[in-house]
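K.L.:
Quick one: the structure is below, and I'll ask about it shortly.
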Amino acid sequence: MSALVLTRSGYAEPGTSLNFPTGKWRQLIRPEHRYQIAPCHHACPAGEDPQAYLAEVQAGHLYEAWKTIVEINPIPAITGRVCPHPCETVCNRGQYDEAVAIHAVERFLGDEAIKKDWAYPVEPVDPSAPEIAIVGAGPAGLSAAYHLVKRGYRATIFDDHPEAGGTLRTALPPYRLPRSVLDAELERLLALDGITFQPHTRLGRDMHLNQLQEQYMAVFLGLGAQRSMEWSIDGVVPRDLHSGFDLLKEWVDIGTVPTPKSVAVIGAGNTAVDMARVMKRAGVPEVYIISHKPIPKPGIPVEDAMPAIPREVYEALEEGVIIHEYRGLRRLILRGERVVGVELVHMKKLMQPSGKLKRIAFEGTETVLNVEQVIPAVGQVIDPTGIERLAGNNSHLKVDHWGQIEGQLGIYAGGDITTEGGTVTAAVGHGRRAALGIDYVLRAQALPEIAEVTPIPFEQLNMHYYELGSCVQEPTLPVEQRTGDEEITTTLSAPLIAKEGQRCFSCGDCLACDNCWMLCPDSAVLKTKELASDGSNYVFDYEYCKGCGLCANECPCGYIQMVDEAA
């Protein structure tokens, strides 16, 4: 502390106020800087801290903002497009006016990195470093490889496809994720020193799990969930049944799907919505989505609404998809073996004797919907080929927090192959945590304890220092132009991203606003001579602090808390 030059908010000549240590009057409480995790950080499945990179955007440091993201997530140009961004759902700003458009900032920074060829913050890997096998080049495997290389390991990625990407490439429509963006992002990632990509290599055919365990220090499985769940209505299955997941892959691979005059897609997730939109693009006049859950809208809890990304749901509605919410299928109406209609029934939640809410059919509400095809999009399960001894009869693999498969030393898994999968960002987080777990185990270090944290609530912020302002809106293609693979949304410009970055509240962390320094009545808050950038630039002088709490009360971000003196 002695090397720092500290400045007071007031001015005092020798022999005046500085000669009277008013801190001796203080009783019971004193101010302290206490960081609290922001809701956006807490909610991110990948582990990103949006507050941290939004702070860099506010300062105009775009490269540093991107570096902050890729310390955690190596594919921001992708996740900025396809993530359901739960960070925005919990953003404290959403309780004031509108949530910060975090996904738009992430997408912009990812695109900037591709455009300007920003280098990943990764050091070259020693050619003799331990090598880890990764099976599956989807987001989980790619993330695991990246974080292993960051920690000094070599990573060999095996995949049975000719190109990396997994479901990103095989089942995400290009209008959501352009192939040019996917190719550019993954090309940069796979070019990192220490990563080797080996395509056309299938587990259970070209290699076996036992061999990988013998040859590599650890094995990570990121195989995804490649089999559609079996589906029927009271055992009845149409002759021409195709799952939504399989039809999406067919559309992405060859650009065609069956085109009846009318179709009902069963499901409420992204696959169901993607399938419905693809059918409209293929020329099907009448496309319906049958969902037990309602369309996402204000007033409906997130857990009760359709799990598909709300933006995608509303774009589907714009494109002419009709969603029958709160509906279930009672029976299929067949002529021979072909579907000619479905009987729908209203669903509602009722409390069960067990104390749990369950959706049940509301008798007497049956209606008939005439359709020529039914497409179930109700989820996928794993293909056990090559991992029979791990899978057993389970639909997914069970792993611990660090991705290790229960009872299998040295074998890790992440992404849709696990019970905790479902999104690209979750898969990225799985790969990162597994890389950490592998590193700790190979270094014979104890795994860190998993701490429970509570994000800072909106009520702890001081809204007197923020102005109302709506979030930026990404331009979208007019509905009449949404006929092919052209991306629907457009990346925002740098000025708009800078404007959006300024809307962040910096929840639970220092905003370097100088409030505490300027407003302290006893000049008990000192500031270092260096430009204030975070809480470390402010120091409480307890010799003069009376514990009045004005600094804590006037802190916009909730970073200053009054704590028990004896604590």
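Note on naming: chains are A, B, ... as they come in the structure tokens, residues start from 1 per chain, ligands start from 1 in the order shown.
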Could you pull out the helix (DSSP H, G or I) residues of region 373-410 of chain A from DSSP and send them as a PyMOL selection string?

P.N.:
chain A and resi 388-391

K.L.:
Counting only C-alpha atoms, what are the residues of region 364-429 of chain A within 9 Å of region 192-206 of chain A, and for each of them which pair of atoms is the nearest and at what distance in Å, to one decimal? Sort the table by chain and rising number, as JSON lines.

P.N.:
```
{"residue": "A:Thr385", "atom": "CA", "partner": "A:Gly204", "partner_atom": "CA", "distance": 6.0}
{"residue": "A:Gly386", "atom": "CA", "partner": "A:Gly204", "partner_atom": "CA", "distance": 3.9}
{"residue": "A:Ile387", "atom": "CA", "partner": "A:Gly204", "partner_atom": "CA", "distance": 7.7}
```

K.L.:
Those residues with N, CA and C atoms, as a compact mmCIF listing (two decimals), in the first residue's frame please?

P.N.:
```
# COMPACT_ATOMS: atom_id res chain seq x y z
N THR A 385 -23.63 -48.15 -29.87
CA THR A 385 -22.57 -48.83 -30.63
C THR A 385 -21.20 -48.34 -30.17
N GLY A 386 -20.37 -49.28 -29.72
CA GLY A 386 -19.02 -48.96 -29.28
C GLY A 386 -18.90 -48.62 -27.81
N ILE A 387 -20.04 -48.33 -27.16
CA ILE A 387 -19.99 -48.00 -25.72
C ILE A 387 -21.01 -48.87 -24.97
```

K.L.:
Using only C-alpha atoms, determine which residues lie at most 8 Å from Tyr120 (chain A), disregarding the query and same-chain residues fewer than 2 positions distant; provide the list as a PDB file with N, CA and C atoms, in the first residue's frame.

P.N.:
```pdb
ATOM      1  N   LYS A  67     -11.302 -12.093 -25.990  1.00  0.00           N
ATOM      2  CA  LYS A  67     -10.402 -12.960 -25.229  1.00  0.00           C
ATOM      3  C   LYS A  67     -11.069 -13.435 -23.936  1.00  0.00           C
ATOM      4  N   VAL A  70     -13.389 -16.300 -24.943  1.00  0.00           N
ATOM      5  CA  VAL A  70     -12.750 -17.553 -25.362  1.00  0.00           C
ATOM      6  C   VAL A  70     -11.846 -18.147 -24.286  1.00  0.00           C
ATOM      7  N   TRP A 118      -8.204 -12.823 -35.093  1.00  0.00           N
ATOM      8  CA  TRP A 118      -7.631 -12.686 -33.761  1.00  0.00           C
ATOM      9  C   TRP A 118      -7.120 -14.038 -33.280  1.00  0.00           C
ATOM     10  N   VAL A 122      -3.704 -19.097 -26.595  1.00  0.00           N
ATOM     11  CA  VAL A 122      -3.227 -20.452 -26.320  1.00  0.00           C
ATOM     12  C   VAL A 122      -1.747 -20.544 -26.681  1.00  0.00           C
TER      13      VAL A 122
END
```

K.L.:
Hey, which of A:Pro121, A:Gly244, A:Gly392, A:Gly484 ends up closest to Thr68 (chain A)? Count only C-alpha atoms.

P.N.:
A:Pro121

K.L.:
Would you list the contacts of region 163-180 of chain A as a PyMOL selection string, taking every protein, DNA or RNA residue within 6 Å and counting only C-alpha atoms, but skipping same-chain residues closer than 3 positions in sequence?

P.N.:
chain A and resi 137-138+183+248-249+485-488

K.L.:
Do you have, as a Markdown table, the list of residues of region 488-552 of chain A lying at most 8 Å from region 466-477 of chain A, each with its nearest atom pair and that distance in Å to one decimal, counting only C-alpha atoms and ordered by chain then number?

P.N.:
```
| residue | atom | partner | partner_atom | distance |
| --- | --- | --- | --- | --- |
| A:Ile488 | CA | A:Leu477 | CA | 5.1 |
| A:Thr489 | CA | A:Thr476 | CA | 4.4 |
| A:Thr490 | CA | A:Pro475 | CA | 5.5 |
| A:Thr491 | CA | A:Glu474 | CA | 6.8 |
| A:Leu492 | CA | A:Glu474 | CA | 6.2 |
| A:Leu496 | CA | A:Val472 | CA | 7.0 |
| A:Glu500 | CA | A:Val472 | CA | 6.5 |
| A:Arg503 | CA | A:Gly469 | CA | 7.8 |
| A:Phe505 | CA | A:Tyr466 | CA | 7.9 |
```

K.L.:
Residues within 12 Å of Leu334 (chain A), please, as an MDAnalysis selection string. Count only C-alpha atoms; anything in the same chain fewer than 3 positions from it doesn't count.

P.N.:
chainID A and resid 233 236:240 331 337:343 370:374

K.L.:
For N, CA and C atoms, I'd like the residues from the last selection saved as an mmCIF file, in the first residue's frame.

P.N.:
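Printed below is again39.cif as written:
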```cif
data_model
loop_
_atom_site.group_PDB
_atom_site.id
_atom_site.type_symbol
_atom_site.label_atom_id
_atom_site.label_comp_id
_atom_site.auth_asym_id
_atom_site.auth_seq_id
_atom_site.Cartn_x
_atom_site.Cartn_y
_atom_site.Cartn_z
ATOM 1 N N ILE A 233 -48.754 -43.764 -30.821
ATOM 2 C CA ILE A 233 -49.958 -43.402 -30.070
ATOM 3 C C ILE A 233 -50.734 -44.689 -29.827
ATOM 4 N N VAL A 236 -49.826 -47.397 -32.130
ATOM 5 C CA VAL A 236 -50.071 -47.199 -33.559
ATOM 6 C C VAL A 236 -48.962 -46.322 -34.136
ATOM 7 N N VAL A 237 -48.369 -46.789 -35.237
ATOM 8 C CA VAL A 237 -47.293 -46.058 -35.907
ATOM 9 C C VAL A 237 -47.635 -45.959 -37.395
ATOM 10 N N PRO A 238 -47.656 -44.756 -37.962
ATOM 11 C CA PRO A 238 -47.930 -44.638 -39.402
ATOM 12 C C PRO A 238 -46.851 -45.328 -40.233
ATOM 13 N N ARG A 239 -47.221 -45.761 -41.398
ATOM 14 C CA ARG A 239 -46.273 -46.460 -42.267
ATOM 15 C C ARG A 239 -45.127 -45.553 -42.683
ATOM 16 N N ASP A 240 -45.414 -44.286 -42.923
ATOM 17 C CA ASP A 240 -44.404 -43.360 -43.427
ATOM 18 C C ASP A 240 -43.828 -42.489 -42.317
ATOM 19 N N ARG A 331 -55.323 -39.673 -30.438
ATOM 20 C CA ARG A 331 -55.214 -40.834 -31.336
ATOM 21 C C ARG A 331 -54.883 -40.361 -32.745
ATOM 22 N N GLU A 337 -52.904 -47.493 -43.803
ATOM 23 C CA GLU A 337 -51.753 -47.256 -42.943
ATOM 24 C C GLU A 337 -51.267 -45.813 -43.021
ATOM 25 N N ARG A 338 -52.038 -44.975 -43.697
ATOM 26 C CA ARG A 338 -51.622 -43.586 -43.887
ATOM 27 C C ARG A 338 -52.446 -42.667 -42.994
ATOM 28 N N VAL A 339 -51.782 -41.632 -42.486
ATOM 29 C CA VAL A 339 -52.428 -40.659 -41.614
ATOM 30 C C VAL A 339 -53.320 -39.737 -42.441
ATOM 31 N N VAL A 340 -54.534 -39.510 -41.961
ATOM 32 C CA VAL A 340 -55.411 -38.511 -42.572
ATOM 33 C C VAL A 340 -55.836 -37.459 -41.547
ATOM 34 N N GLY A 341 -55.457 -37.655 -40.289
ATOM 35 C CA GLY A 341 -55.791 -36.678 -39.268
ATOM 36 C C GLY A 341 -55.325 -37.135 -37.899
ATOM 37 N N VAL A 342 -55.442 -36.236 -36.931
ATOM 38 C CA VAL A 342 -55.107 -36.550 -35.548
ATOM 39 C C VAL A 342 -56.205 -35.993 -34.653
ATOM 40 N N GLU A 343 -56.441 -36.686 -33.553
ATOM 41 C CA GLU A 343 -57.392 -36.180 -32.567
ATOM 42 C C GLU A 343 -56.594 -35.509 -31.446
ATOM 43 N N ASN A 370 -57.143 -32.270 -39.482
ATOM 44 C CA ASN A 370 -56.861 -33.038 -40.693
ATOM 45 C C ASN A 370 -55.453 -32.742 -41.192
ATOM 46 N N VAL A 371 -54.594 -33.748 -41.173
ATOM 47 C CA VAL A 371 -53.227 -33.622 -41.679
ATOM 48 C C VAL A 371 -52.861 -34.897 -42.426
ATOM 49 N N GLU A 372 -51.867 -34.780 -43.314
ATOM 50 C CA GLU A 372 -51.441 -35.930 -44.111
ATOM 51 C C GLU A 372 -50.166 -36.577 -43.590
ATOM 52 N N GLN A 373 -49.511 -35.914 -42.642
ATOM 53 C CA GLN A 373 -48.283 -36.495 -42.098
ATOM 54 C C GLN A 373 -48.106 -36.038 -40.660
ATOM 55 N N VAL A 374 -47.557 -36.925 -39.841
ATOM 56 C CA VAL A 374 -47.218 -36.608 -38.457
ATOM 57 C C VAL A 374 -45.715 -36.810 -38.281
#
```
